[in-house]
>>> print(open('work-v9.tsv').read())   # TSV, C-alpha atoms
chain	number	residue	atom	x	y	z
A	1	MET	CA	0.00	0.00	0.00
A	2	ASN	CA	1.02	3.63	-0.46
A	3	PHE	CA	0.77	5.87	2.61
A	4	TRP	CA	1.06	9.14	0.75
A	5	ALA	CA	1.77	12.67	1.94
A	6	THR	CA	0.57	15.73	0.08
A	7	SER	CA	3.92	17.48	0.31
A	8	ALA	CA	6.70	16.34	-2.03
A	9	THR	CA	9.30	16.08	0.70
A	10	PRO	CA	11.77	13.20	1.24
A	11	PHE	CA	11.00	10.67	3.98
A	12	LYS	CA	14.03	9.40	5.91
A	13	ALA	CA	12.56	8.41	9.27
A	14	LEU	CA	12.72	4.64	8.68
A	15	THR	CA	14.82	2.06	6.92
A	16	PRO	CA	13.30	-0.86	4.96
A	17	GLY	CA	11.97	-3.59	7.23
A	18	GLU	CA	11.04	-1.34	10.16
A	19	PHE	CA	7.45	-0.83	11.30
A	20	PHE	CA	5.30	2.13	10.31
A	21	LEU	CA	2.32	2.48	12.68
A	22	PHE	CA	-1.03	4.19	12.04
A	23	LYS	CA	-2.46	6.69	14.54
A	24	LEU	CA	-5.97	8.07	14.25
A	25	HIS	CA	-6.69	11.79	14.31
A	26	ALA	CA	-7.45	13.33	17.71
A	27	PRO	CA	-9.55	12.89	19.74
A	28	GLU	CA	-9.26	9.18	18.80
A	29	ASN	CA	-5.70	8.96	20.08
A	30	PHE	CA	-5.01	5.32	19.36
A	31	ILE	CA	-2.68	3.27	17.20
A	32	VAL	CA	-4.87	1.06	15.04
A	33	GLY	CA	-2.50	-0.80	12.74
A	34	GLY	CA	0.59	-0.47	10.62
A	35	GLY	CA	2.78	-2.04	7.99
A	36	VAL	CA	6.36	-2.85	7.12
A	37	PHE	CA	8.21	0.06	5.54
A	38	ALA	CA	9.73	-0.87	2.16
A	39	TYR	CA	10.63	2.32	0.28
A	40	ALA	CA	9.91	6.04	-0.03
A	41	ASN	CA	10.21	8.55	-2.84
A	42	ILE	CA	8.46	11.44	-4.53
A	43	LEU	CA	6.15	10.38	-7.37
A	44	PRO	CA	3.52	11.90	-9.64
A	45	CYS	CA	0.04	11.20	-8.31
A	46	SER	CA	-0.86	9.34	-11.51
A	47	LEU	CA	2.05	6.91	-11.17
A	48	ALA	CA	1.19	6.24	-7.52
A	49	TRP	CA	-2.34	5.38	-8.65
A	50	GLU	CA	-1.15	3.15	-11.51
A	51	ALA	CA	1.14	1.24	-9.16
A	52	PHE	CA	-1.15	0.86	-6.13
A	53	GLY	CA	-4.72	1.65	-7.18
A	54	GLN	CA	-7.12	1.43	-4.25
A	55	ALA	CA	-4.18	0.63	-1.97
A	56	ASN	CA	-3.71	4.41	-2.00
A	57	GLY	CA	-6.77	4.57	0.28
A	58	ALA	CA	-9.16	5.89	-2.37
A	59	SER	CA	-11.71	4.22	-4.63
A	60	SER	CA	-10.56	6.05	-7.77
A	61	LEU	CA	-7.84	8.34	-9.08
A	62	SER	CA	-10.39	11.16	-9.11
A	63	GLU	CA	-11.13	10.66	-5.42
A	64	MET	CA	-7.42	10.51	-4.60
A	65	ARG	CA	-6.80	13.76	-6.50
A	66	THR	CA	-9.70	15.44	-4.72
A	67	ARG	CA	-8.25	14.53	-1.34
A	68	ILE	CA	-4.82	15.84	-2.31
A	69	MET	CA	-6.30	19.09	-3.61
A	70	ARG	CA	-8.17	19.60	-0.35
A	71	TYR	CA	-4.92	19.49	1.60
A	72	ARG	CA	-2.78	21.33	-0.93
A	73	ARG	CA	-5.39	23.94	-1.91
A	74	GLU	CA	-4.29	23.56	-5.53
A	75	VAL	CA	-5.66	26.02	-8.06
A	76	ASN	CA	-4.84	23.93	-11.12
A	77	GLY	CA	-6.83	20.74	-10.62
A	78	ARG	CA	-5.45	19.23	-13.83
A	79	SER	CA	-1.81	19.13	-12.74
A	80	ASP	CA	-0.15	15.80	-11.98
A	81	PHE	CA	0.79	16.49	-8.38
A	82	GLN	CA	4.12	15.35	-7.00
A	83	ILE	CA	3.43	13.62	-3.69
A	84	GLY	CA	5.50	11.93	-1.02
A	85	CYS	CA	5.02	8.15	-1.15
A	86	ARG	CA	5.81	5.84	1.75
A	87	ILE	CA	5.40	2.31	0.43
A	88	LEU	CA	4.32	-0.25	3.00
A	89	THR	CA	4.04	-4.00	2.68
A	90	GLN	CA	2.07	-6.49	4.81
A	91	PRO	CA	-0.34	-3.88	6.24
A	92	PHE	CA	-2.31	-4.96	9.30
A	93	PHE	CA	-5.27	-3.44	11.14
A	94	LEU	CA	-6.25	-4.07	14.75
A	95	GLU	CA	-9.71	-4.98	16.00
A	96	ARG	CA	-11.29	-2.17	18.04
A	97	GLU	CA	-10.67	-3.90	21.36
A	98	ARG	CA	-6.95	-4.20	20.48
A	99	TRP	CA	-6.31	-0.55	19.65
A	100	ILE	CA	-3.17	0.67	21.40
A	101	ASP	CA	-3.05	3.68	23.71
A	102	LEU	CA	-0.40	6.24	22.80
A	103	PRO	CA	2.84	6.21	24.78
A	104	ALA	CA	3.26	8.85	27.46
A	105	SER	CA	5.91	10.62	25.38
A	106	TRP	CA	3.50	11.36	22.53
A	107	SER	CA	2.82	15.11	22.45
A	108	SER	CA	-0.43	16.64	21.22
A	109	ASN	CA	1.52	19.08	19.03
A	110	ILE	CA	3.06	16.31	16.89
A	111	VAL	CA	1.40	16.58	13.49
A	112	THR	CA	3.49	14.30	11.27
A	113	PHE	CA	5.40	11.40	12.80
A	114	LYS	CA	7.62	10.32	15.65
A	115	THR	CA	10.09	7.46	15.75
A	116	TYR	CA	10.60	5.05	18.63
A	117	SER	CA	13.27	2.48	19.43
A	118	THR	CA	12.89	-0.68	21.48
A	119	ASP	CA	15.87	0.61	23.46
A	120	ASP	CA	13.48	3.13	25.03
A	121	PRO	CA	10.63	2.23	27.44
A	122	ASP	CA	7.92	3.70	25.17
A	123	GLY	CA	9.34	1.98	22.11
A	124	LYS	CA	9.48	-1.32	24.00
A	125	TYR	CA	5.87	-0.77	25.09
A	126	LEU	CA	4.74	-0.33	21.48
A	127	TRP	CA	6.72	-3.34	20.28
A	128	ASP	CA	5.28	-5.55	23.02
A	129	ARG	CA	1.72	-4.43	22.26
A	130	ILE	CA	2.16	-4.96	18.52
A	131	GLN	CA	3.50	-8.45	19.22
A	132	GLU	CA	0.16	-9.25	20.86
A	133	THR	CA	-1.55	-8.85	17.47
A	134	PRO	CA	-3.18	-12.12	16.30
A	135	SER	CA	-0.83	-14.02	14.01
A	136	SER	CA	-3.36	-13.88	11.17
A	137	ASN	CA	-2.96	-10.08	11.03
A	138	PHE	CA	0.62	-9.56	12.15
A	139	PRO	CA	3.35	-9.35	9.45
A	140	GLN	CA	5.45	-12.47	9.72
A	141	GLY	CA	8.96	-13.14	8.50
A	142	ALA	CA	9.40	-15.55	5.65
A	143	SER	CA	9.24	-19.27	6.19
A	144	ASP	CA	12.29	-21.25	5.14
A	145	LYS	CA	10.45	-22.22	1.97
A	146	GLU	CA	9.60	-18.65	1.08
A	147	GLN	CA	12.73	-16.78	2.18
A	148	ALA	CA	13.95	-16.25	-1.39
A	149	ARG	CA	10.85	-14.12	-2.12
A	150	TYR	CA	11.64	-11.55	0.57
A	151	GLY	CA	14.01	-8.66	0.97
A	152	GLU	CA	16.81	-8.53	3.53
A	153	PRO	CA	15.59	-8.72	7.16
A	154	VAL	CA	15.65	-5.80	9.57
A	155	LEU	CA	12.75	-6.48	11.92
A	156	VAL	CA	10.77	-8.62	9.48
A	157	ARG	CA	11.38	-9.55	5.88
A	158	PRO	CA	9.26	-7.13	3.81
A	159	ARG	CA	7.11	-8.83	1.19
A	160	LEU	CA	7.58	-6.90	-2.03
A	161	GLY	CA	4.32	-6.76	-3.96
A	162	GLN	CA	3.67	-5.77	-7.55
A	163	GLY	CA	3.24	-2.07	-6.76
A	164	ALA	CA	6.45	-1.80	-4.72
A	165	PHE	CA	8.29	-3.78	-7.40
A	166	ARG	CA	7.20	-1.34	-10.08
A	167	ILE	CA	8.29	1.74	-8.16
A	168	LEU	CA	11.64	0.31	-7.05
A	169	VAL	CA	12.54	-0.87	-10.56
A	170	THR	CA	11.48	2.47	-12.05
A	171	ASP	CA	13.69	4.41	-9.66
A	172	ASN	CA	16.66	2.03	-9.78
A	173	TYR	CA	16.81	2.47	-13.55
A	174	GLY	CA	16.76	6.25	-13.18
A	175	ARG	CA	13.25	6.45	-14.66
A	176	ARG	CA	14.67	5.68	-18.13
A	177	CYS	CA	14.03	2.78	-20.48
A	178	ALA	CA	17.05	0.47	-20.21
A	179	VAL	CA	17.17	0.07	-24.00
A	180	THR	CA	16.03	3.34	-25.57
A	181	GLY	CA	16.65	5.84	-22.76
A	182	GLU	CA	13.03	7.02	-23.03
A	183	ARG	CA	12.14	9.21	-20.02
A	184	THR	CA	8.40	9.76	-20.53
A	185	LEU	CA	7.23	8.17	-17.29
A	186	HIS	CA	3.79	7.16	-18.54
A	187	ALA	CA	5.40	5.25	-21.40
A	188	LEU	CA	7.54	3.08	-19.11
A	189	ASP	CA	6.86	-0.27	-17.43
A	190	ALA	CA	8.71	-2.44	-14.93
A	191	ALA	CA	9.09	-5.85	-16.55
A	192	HIS	CA	9.70	-9.11	-14.72
A	193	ILE	CA	12.53	-11.04	-16.35
A	194	ARG	CA	11.06	-14.30	-15.09
A	195	PRO	CA	7.31	-13.85	-14.54
A	196	TYR	CA	6.07	-14.14	-10.98
A	197	SER	CA	3.53	-16.73	-12.13
A	198	GLN	CA	6.43	-18.91	-13.27
A	199	GLY	CA	8.59	-18.68	-10.18
A	200	GLY	CA	10.06	-15.19	-10.60
A	201	LEU	CA	10.42	-12.77	-7.72
A	202	HIS	CA	9.13	-9.26	-7.01
A	203	GLU	CA	12.74	-8.08	-6.66
A	204	VAL	CA	14.75	-5.42	-8.44
A	205	SER	CA	17.20	-8.07	-9.68
A	206	ASN	CA	14.30	-9.73	-11.51
A	207	GLY	CA	13.26	-6.48	-13.16
A	208	LEU	CA	14.06	-4.30	-16.14
A	209	LEU	CA	12.57	-0.92	-17.02
A	210	PHE	CA	11.31	-0.80	-20.59
A	211	ARG	CA	9.24	1.37	-22.86
A	212	ARG	CA	5.82	-0.26	-22.90
A	213	ASP	CA	6.02	-1.63	-26.44
A	214	ILE	CA	9.37	-3.25	-25.65
A	215	HIS	CA	7.92	-4.65	-22.43
A	216	SER	CA	5.14	-6.32	-24.44
A	217	LEU	CA	7.65	-7.83	-26.87
A	218	PHE	CA	9.85	-8.98	-23.98
A	219	ASP	CA	6.93	-10.74	-22.26
A	220	ALA	CA	5.94	-12.38	-25.56
A	221	GLY	CA	9.51	-13.55	-26.23
A	222	TYR	CA	10.21	-11.45	-29.31
A	223	VAL	CA	13.12	-9.67	-27.61
A	224	THR	CA	15.46	-10.57	-24.76
A	225	VAL	CA	18.51	-9.36	-22.83
A	226	ARG	CA	21.59	-11.56	-23.03
A	227	SER	CA	23.87	-12.34	-20.11
A	228	ASP	CA	26.32	-9.68	-21.37
A	229	PHE	CA	23.50	-7.10	-21.07
A	230	ARG	CA	23.03	-6.79	-24.83
A	231	PHE	CA	19.58	-6.41	-26.35
A	232	GLU	CA	18.57	-9.12	-28.83
A	233	VAL	CA	15.64	-9.08	-31.25
A	234	SER	CA	14.06	-12.25	-32.60
A	235	ARG	CA	13.91	-12.91	-36.33
A	236	ARG	CA	10.31	-13.93	-35.74
A	237	ILE	CA	9.13	-10.31	-35.72
A	238	LYS	CA	9.97	-9.96	-39.41
A	239	GLU	CA	8.79	-13.48	-40.26
A	240	GLU	CA	5.43	-13.12	-38.54
A	241	PHE	CA	4.65	-9.43	-38.97
A	242	GLU	CA	6.78	-8.34	-41.96
A	243	ASN	CA	7.87	-5.40	-39.88
A	244	GLY	CA	10.10	-4.47	-36.94
A	245	ARG	CA	12.65	-2.18	-38.52
A	246	ASP	CA	12.73	0.12	-35.48
A	247	TYR	CA	13.36	-2.83	-33.18
A	248	TYR	CA	16.08	-4.40	-35.34
A	249	ALA	CA	17.90	-1.06	-35.17
A	250	LEU	CA	18.26	-1.73	-31.43
A	251	ASN	CA	19.62	-5.27	-31.86
A	252	GLY	CA	22.94	-5.73	-30.05
A	253	LYS	CA	22.63	-2.43	-28.19
A	254	PRO	CA	24.04	-2.38	-24.61
A	255	VAL	CA	21.30	-2.34	-21.98
A	256	ALA	CA	21.73	0.25	-19.23
A	257	VAL	CA	21.81	-1.39	-15.80
A	258	PRO	CA	22.19	-0.01	-12.26
A	259	ASP	CA	25.72	0.68	-10.98
A	260	ARG	CA	25.15	-1.49	-7.92
A	261	ILE	CA	25.81	-5.11	-8.78
A	262	ASP	CA	23.07	-6.42	-6.46
A	263	LEU	CA	20.48	-4.35	-8.35
A	264	ARG	CA	21.48	-5.55	-11.80
A	265	PRO	CA	19.50	-8.22	-13.68
A	266	ASP	CA	19.94	-11.66	-12.15
A	267	PRO	CA	22.01	-13.82	-14.57
A	268	THR	CA	19.92	-16.87	-13.69
A	269	ALA	CA	16.70	-15.04	-14.55
A	270	LEU	CA	18.20	-13.77	-17.83
A	271	ALA	CA	19.32	-17.29	-18.73
A	272	TRP	CA	15.78	-18.54	-18.07
A	273	HIS	CA	14.28	-15.86	-20.32
A	274	ASN	CA	16.84	-16.59	-23.06
A	275	SER	CA	16.18	-20.33	-23.06
A	276	GLU	CA	12.52	-20.65	-22.05
A	277	LEU	CA	10.76	-17.57	-23.44
A	278	PHE	CA	12.84	-15.98	-26.20
A	279	ARG	CA	11.71	-17.08	-29.65
A	280	GLY	CA	15.17	-16.89	-31.22
>>> encode(input="work-v9.tsv", output="structure tokens")
Amino acid sequence: MNFWATSATPFKALTPGEFFLFKLHAPENFIVGGGVFAYANILPCSLAWEAFGQANGASSLSEMRTRIMRYRREVNGRSDFQIGCRILTQPFFLERERWIDLPASWSSNIVTFKTYSTDDPDGKYLWDRIQETPSSNFPQGASDKEQARYGEPVLVRPRLGQGAFRILVTDNYGRRCAVTGERTLHALDAAHIRPYSQGGLHEVSNGLLFRRDIHSLFDAGYVTVRSDFRFEVSRRIKEEFENGRDYYALNGKPVAVPDRIDLRPDPTALAWHNSELFRG
């Protein structure tokens, strides 16, 4: 889910894997749930909606925009607002009888957020109360069988869903198509190298950022990325469609990948795409 803020300001209060708790507005001064923090950045409202839909806490993009405008007092209702996005995984909500009283250190003049550590009495109090949450609602770490589908542990292993995957891949590729360099955000898609339905992971190393037409061809096996990060186009485009000149012009082109090795395409996933999906 996306816990958005109307102001386009960076969020640095948490690191991935730590808990983000939900407090109701006064006078209902209770903590009623939370989630596992995965990532934060500033995004256009439209992209946040495309990635998370109703997990933005609104039934439609129009409703989400209306809420943002009410807080921002925007004059131009047609602009694509930049908003702060705090991406949470494994959200949980407490039954009314399990709502948590605020710690004594919470001040009534706090209007945004406050961080706590289990090294402090109030932080330990919150942690202990959250631990009392029924296991069906509480975010659990990965089982041994599922560990490969989770990020690195901090407090729990955050489950990276489709929306978080899209945003992380988009940002890790600098919001540019890895093949063409296209920067028009609405024309870009985060592609799974190995589809999730076939054992792939919602992880940056299983993702590539493509222009949407290239994403479609990649998923259909008409193009691929070799282990040396070169783009390859299948002869089948010309054979089947008597076309493809623009794509063949990209054949053999180096694919831009992140500088960090752990964020680059997984060689095993590329090998799978080359052998199992690419049409040659």
>>> axis_aligned_box(input="work-v9.tsv", around="segment 24-35 of chain A", padding_each_side="4 Å", output="JSON")
{"center_x": -3.4, "center_y": 5.6, "center_z": 14.0, "size_x": 20.3, "size_y": 23.4, "size_z": 20.1}
>>> closest_residue(input="work-v9.tsv", among="A:Arg211, A:Arg194, A:Arg73, A:Arg166", to="Phe278 of chain A", atoms="only C-alpha atoms")
A:Arg194
>>> residues_around(input="work-v9.tsv", residues="Tyr71 of chain A", least_positions_apart="4", cutoff="10 Å", atoms="all atoms listed in the file", output="compact mmCIF listing (two decimals) with C-alpha atoms, keeping the file's coordinate frame")
# COMPACT_ATOMS: atom_id res chain seq x y z
CA ALA A 5 1.77 12.67 1.94
CA THR A 6 0.57 15.73 0.08
CA SER A 7 3.92 17.48 0.31
CA THR A 66 -9.70 15.44 -4.72
CA ARG A 67 -8.25 14.53 -1.34
>>> residues_around(input="work-v9.tsv", residues="Ala249 of chain A", least_positions_apart="2", cutoff="12 Å", atoms="all atoms listed in the file", output="PDB file with C-alpha atoms, in the frame of the given file")
ATOM      1  CA  VAL A 179      17.170   0.070 -24.000  1.00  0.00           C
ATOM      2  CA  THR A 180      16.030   3.340 -25.570  1.00  0.00           C
ATOM      3  CA  PHE A 231      19.580  -6.410 -26.350  1.00  0.00           C
ATOM      4  CA  GLU A 232      18.570  -9.120 -28.830  1.00  0.00           C
ATOM      5  CA  VAL A 233      15.640  -9.080 -31.250  1.00  0.00           C
ATOM      6  CA  ASN A 243       7.870  -5.400 -39.880  1.00  0.00           C
ATOM      7  CA  GLY A 244      10.100  -4.470 -36.940  1.00  0.00           C
ATOM      8  CA  ARG A 245      12.650  -2.180 -38.520  1.00  0.00           C
ATOM      9  CA  ASP A 246      12.730   0.120 -35.480  1.00  0.00           C
ATOM     10  CA  TYR A 247      13.360  -2.830 -33.180  1.00  0.00           C
ATOM     11  CA  ASN A 251      19.620  -5.270 -31.860  1.00  0.00           C
ATOM     12  CA  GLY A 252      22.940  -5.730 -30.050  1.00  0.00           C
ATOM     13  CA  LYS A 253      22.630  -2.430 -28.190  1.00  0.00           C
TER      14      LYS A 253
END
>>> closest_residue(input="work-v9.tsv", among="A:Gly33, A:Ala38, A:Gly221, A:Ala8", to="Pro134 of chain A", atoms="only C-alpha atoms")
A:Gly33
>>> residues_around(input="work-v9.tsv", residues="His202 of chain A", least_positions_apart="5", cutoff="8 Å", atoms="only C-alpha atoms", output="ChimeraX atom specification")
/A:149,160-162,165,192,196,207
>>> residues_around(input="work-v9.tsv", residues="Leu185 of chain A", least_positions_apart="6", cutoff="12 Å", atoms="only C-alpha atoms", output="CSV table (one decimal) with C-alpha atoms, keeping the file's coordinate frame")
chain,number,residue,atom,x,y,z
A,43,LEU,CA,6.2,10.4,-7.4
A,44,PRO,CA,3.5,11.9,-9.6
A,45,CYS,CA,0.0,11.2,-8.3
A,46,SER,CA,-0.9,9.3,-11.5
A,47,LEU,CA,2.0,6.9,-11.2
A,48,ALA,CA,1.2,6.2,-7.5
A,50,GLU,CA,-1.2,3.2,-11.5
A,80,ASP,CA,-0.2,15.8,-12.0
A,166,ARG,CA,7.2,-1.3,-10.1
A,167,ILE,CA,8.3,1.7,-8.2
A,170,THR,CA,11.5,2.5,-12.0
A,171,ASP,CA,13.7,4.4,-9.7
A,173,TYR,CA,16.8,2.5,-13.6
A,174,GLY,CA,16.8,6.2,-13.2
A,175,ARG,CA,13.2,6.4,-14.7
A,176,ARG,CA,14.7,5.7,-18.1
A,177,CYS,CA,14.0,2.8,-20.5
A,209,LEU,CA,12.6,-0.9,-17.0
A,210,PHE,CA,11.3,-0.8,-20.6
A,211,ARG,CA,9.2,1.4,-22.9
A,212,ARG,CA,5.8,-0.3,-22.9
>>> closest_residue(input="work-v9.tsv", among="A:Asn56, A:Pro258, A:Val169, A:Glu18", to="Ser117 of chain A", atoms="all atoms listed in the file")
A:Glu18
>>> atom_distance(input="work-v9.tsv", atom1="atom CA of Arg279 of chain A", atom2="atom CA of Thr224 of chain A")
9.0 Å
>>> residues_around(input="work-v9.tsv", residues="Ala104 of chain A", least_positions_apart="3", cutoff="12 Å", atoms="only C-alpha atoms", output="number ranges by chain")
A: 29, 101, 107-108, 120-123, 125-126
>>> write_last_selection(input="work-v9.tsv", atoms="C-alpha atoms", output="PDB file, in the coordinates of the input")
ATOM      1  CA  ASN A  29      -5.700   8.960  20.080  1.00  0.00           C
ATOM      2  CA  ASP A 101      -3.050   3.680  23.710  1.00  0.00           C
ATOM      3  CA  SER A 107       2.820  15.110  22.450  1.00  0.00           C
ATOM      4  CA  SER A 108      -0.430  16.640  21.220  1.00  0.00           C
ATOM      5  CA  ASP A 120      13.480   3.130  25.030  1.00  0.00           C
ATOM      6  CA  PRO A 121      10.630   2.230  27.440  1.00  0.00           C
ATOM      7  CA  ASP A 122       7.920   3.700  25.170  1.00  0.00           C
ATOM      8  CA  GLY A 123       9.340   1.980  22.110  1.00  0.00           C
ATOM      9  CA  TYR A 125       5.870  -0.770  25.090  1.00  0.00           C
ATOM     10  CA  LEU A 126       4.740  -0.330  21.480  1.00  0.00           C
TER      11      LEU A 126
END
>>> closest_residue(input="work-v9.tsv", among="A:Phe93, A:Phe20, A:Tyr222, A:Trp106", to="Val32 of chain A", atoms="all atoms listed in the file")
A:Phe93
>>> closest_residue(input="work-v9.tsv", among="A:Gly280, A:Gly84, A:Gly199, A:Glu182", to="Arg235 of chain A", atoms="only C-alpha atoms")
A:Gly280
>>> closest_residue(input="work-v9.tsv", among="A:Val204, A:Leu61, A:Ile130, A:Glu97", to="Phe81 of chain A", atoms="only C-alpha atoms")
A:Leu61
>>> decode(input="work-v9.tsv", residues="segment 63-87 of chain A", atoms="N, CA and C atoms", output="compact mmCIF listing (two decimals), in the first residue's frame")
# COMPACT_ATOMS: atom_id res chain seq x y z
N GLU A 63 -10.96 10.45 -6.85
CA GLU A 63 -11.13 10.66 -5.42
C GLU A 63 -9.79 10.97 -4.75
N MET A 64 -8.75 10.27 -5.17
CA MET A 64 -7.42 10.51 -4.60
C MET A 64 -6.98 11.94 -4.89
N ARG A 65 -7.19 12.40 -6.13
CA ARG A 65 -6.80 13.76 -6.50
C ARG A 65 -7.59 14.79 -5.69
N THR A 66 -8.87 14.52 -5.48
CA THR A 66 -9.70 15.44 -4.72
C THR A 66 -9.19 15.58 -3.29
N ARG A 67 -8.79 14.47 -2.70
CA ARG A 67 -8.25 14.53 -1.34
C ARG A 67 -6.96 15.33 -1.30
N ILE A 68 -6.09 15.10 -2.27
CA ILE A 68 -4.82 15.84 -2.31
C ILE A 68 -5.07 17.33 -2.48
N MET A 69 -5.99 17.67 -3.36
CA MET A 69 -6.30 19.09 -3.61
C MET A 69 -6.85 19.76 -2.36
N ARG A 70 -7.61 19.01 -1.56
CA ARG A 70 -8.17 19.60 -0.35
C ARG A 70 -7.07 20.00 0.62
N TYR A 71 -6.04 19.18 0.71
CA TYR A 71 -4.92 19.49 1.60
C TYR A 71 -3.97 20.52 1.02
N ARG A 72 -3.76 20.45 -0.30
CA ARG A 72 -2.78 21.33 -0.93
C ARG A 72 -3.37 22.66 -1.36
N ARG A 73 -4.70 22.73 -1.44
CA ARG A 73 -5.39 23.94 -1.91
C ARG A 73 -4.88 24.33 -3.31
N GLU A 74 -4.77 23.33 -4.17
CA GLU A 74 -4.29 23.56 -5.53
C GLU A 74 -5.31 24.36 -6.33
N VAL A 75 -4.80 25.26 -7.16
CA VAL A 75 -5.66 26.02 -8.06
C VAL A 75 -5.86 25.25 -9.35
N ASN A 76 -4.79 24.67 -9.87
CA ASN A 76 -4.84 23.93 -11.12
C ASN A 76 -5.15 22.46 -10.83
N GLY A 77 -6.42 22.09 -10.93
CA GLY A 77 -6.83 20.74 -10.62
C GLY A 77 -6.43 19.73 -11.66
N ARG A 78 -5.83 20.17 -12.78
CA ARG A 78 -5.45 19.23 -13.83
C ARG A 78 -3.97 18.84 -13.74
N SER A 79 -3.24 19.44 -12.84
CA SER A 79 -1.81 19.13 -12.74
C SER A 79 -1.61 17.73 -12.15
N ASP A 80 -0.49 17.11 -12.50
CA ASP A 80 -0.15 15.80 -11.98
C ASP A 80 0.73 16.00 -10.75
N PHE A 81 0.09 16.12 -9.59
CA PHE A 81 0.79 16.49 -8.38
C PHE A 81 1.94 15.56 -8.06
N GLN A 82 3.03 16.13 -7.58
CA GLN A 82 4.12 15.35 -7.00
C GLN A 82 3.79 15.15 -5.52
N ILE A 83 3.78 13.90 -5.07
CA ILE A 83 3.43 13.62 -3.69
C ILE A 83 4.50 12.73 -3.05
N GLY A 84 4.59 12.81 -1.73
CA GLY A 84 5.50 11.93 -1.02
C GLY A 84 4.86 10.57 -0.84
N CYS A 85 5.56 9.51 -1.22
CA CYS A 85 5.02 8.15 -1.15
C CYS A 85 5.84 7.31 -0.19
N ARG A 86 5.18 6.75 0.80
CA ARG A 86 5.81 5.84 1.75
C ARG A 86 5.19 4.47 1.49
N ILE A 87 5.92 3.59 0.89
CA ILE A 87 5.40 2.31 0.43
C ILE A 87 5.52 1.29 1.55
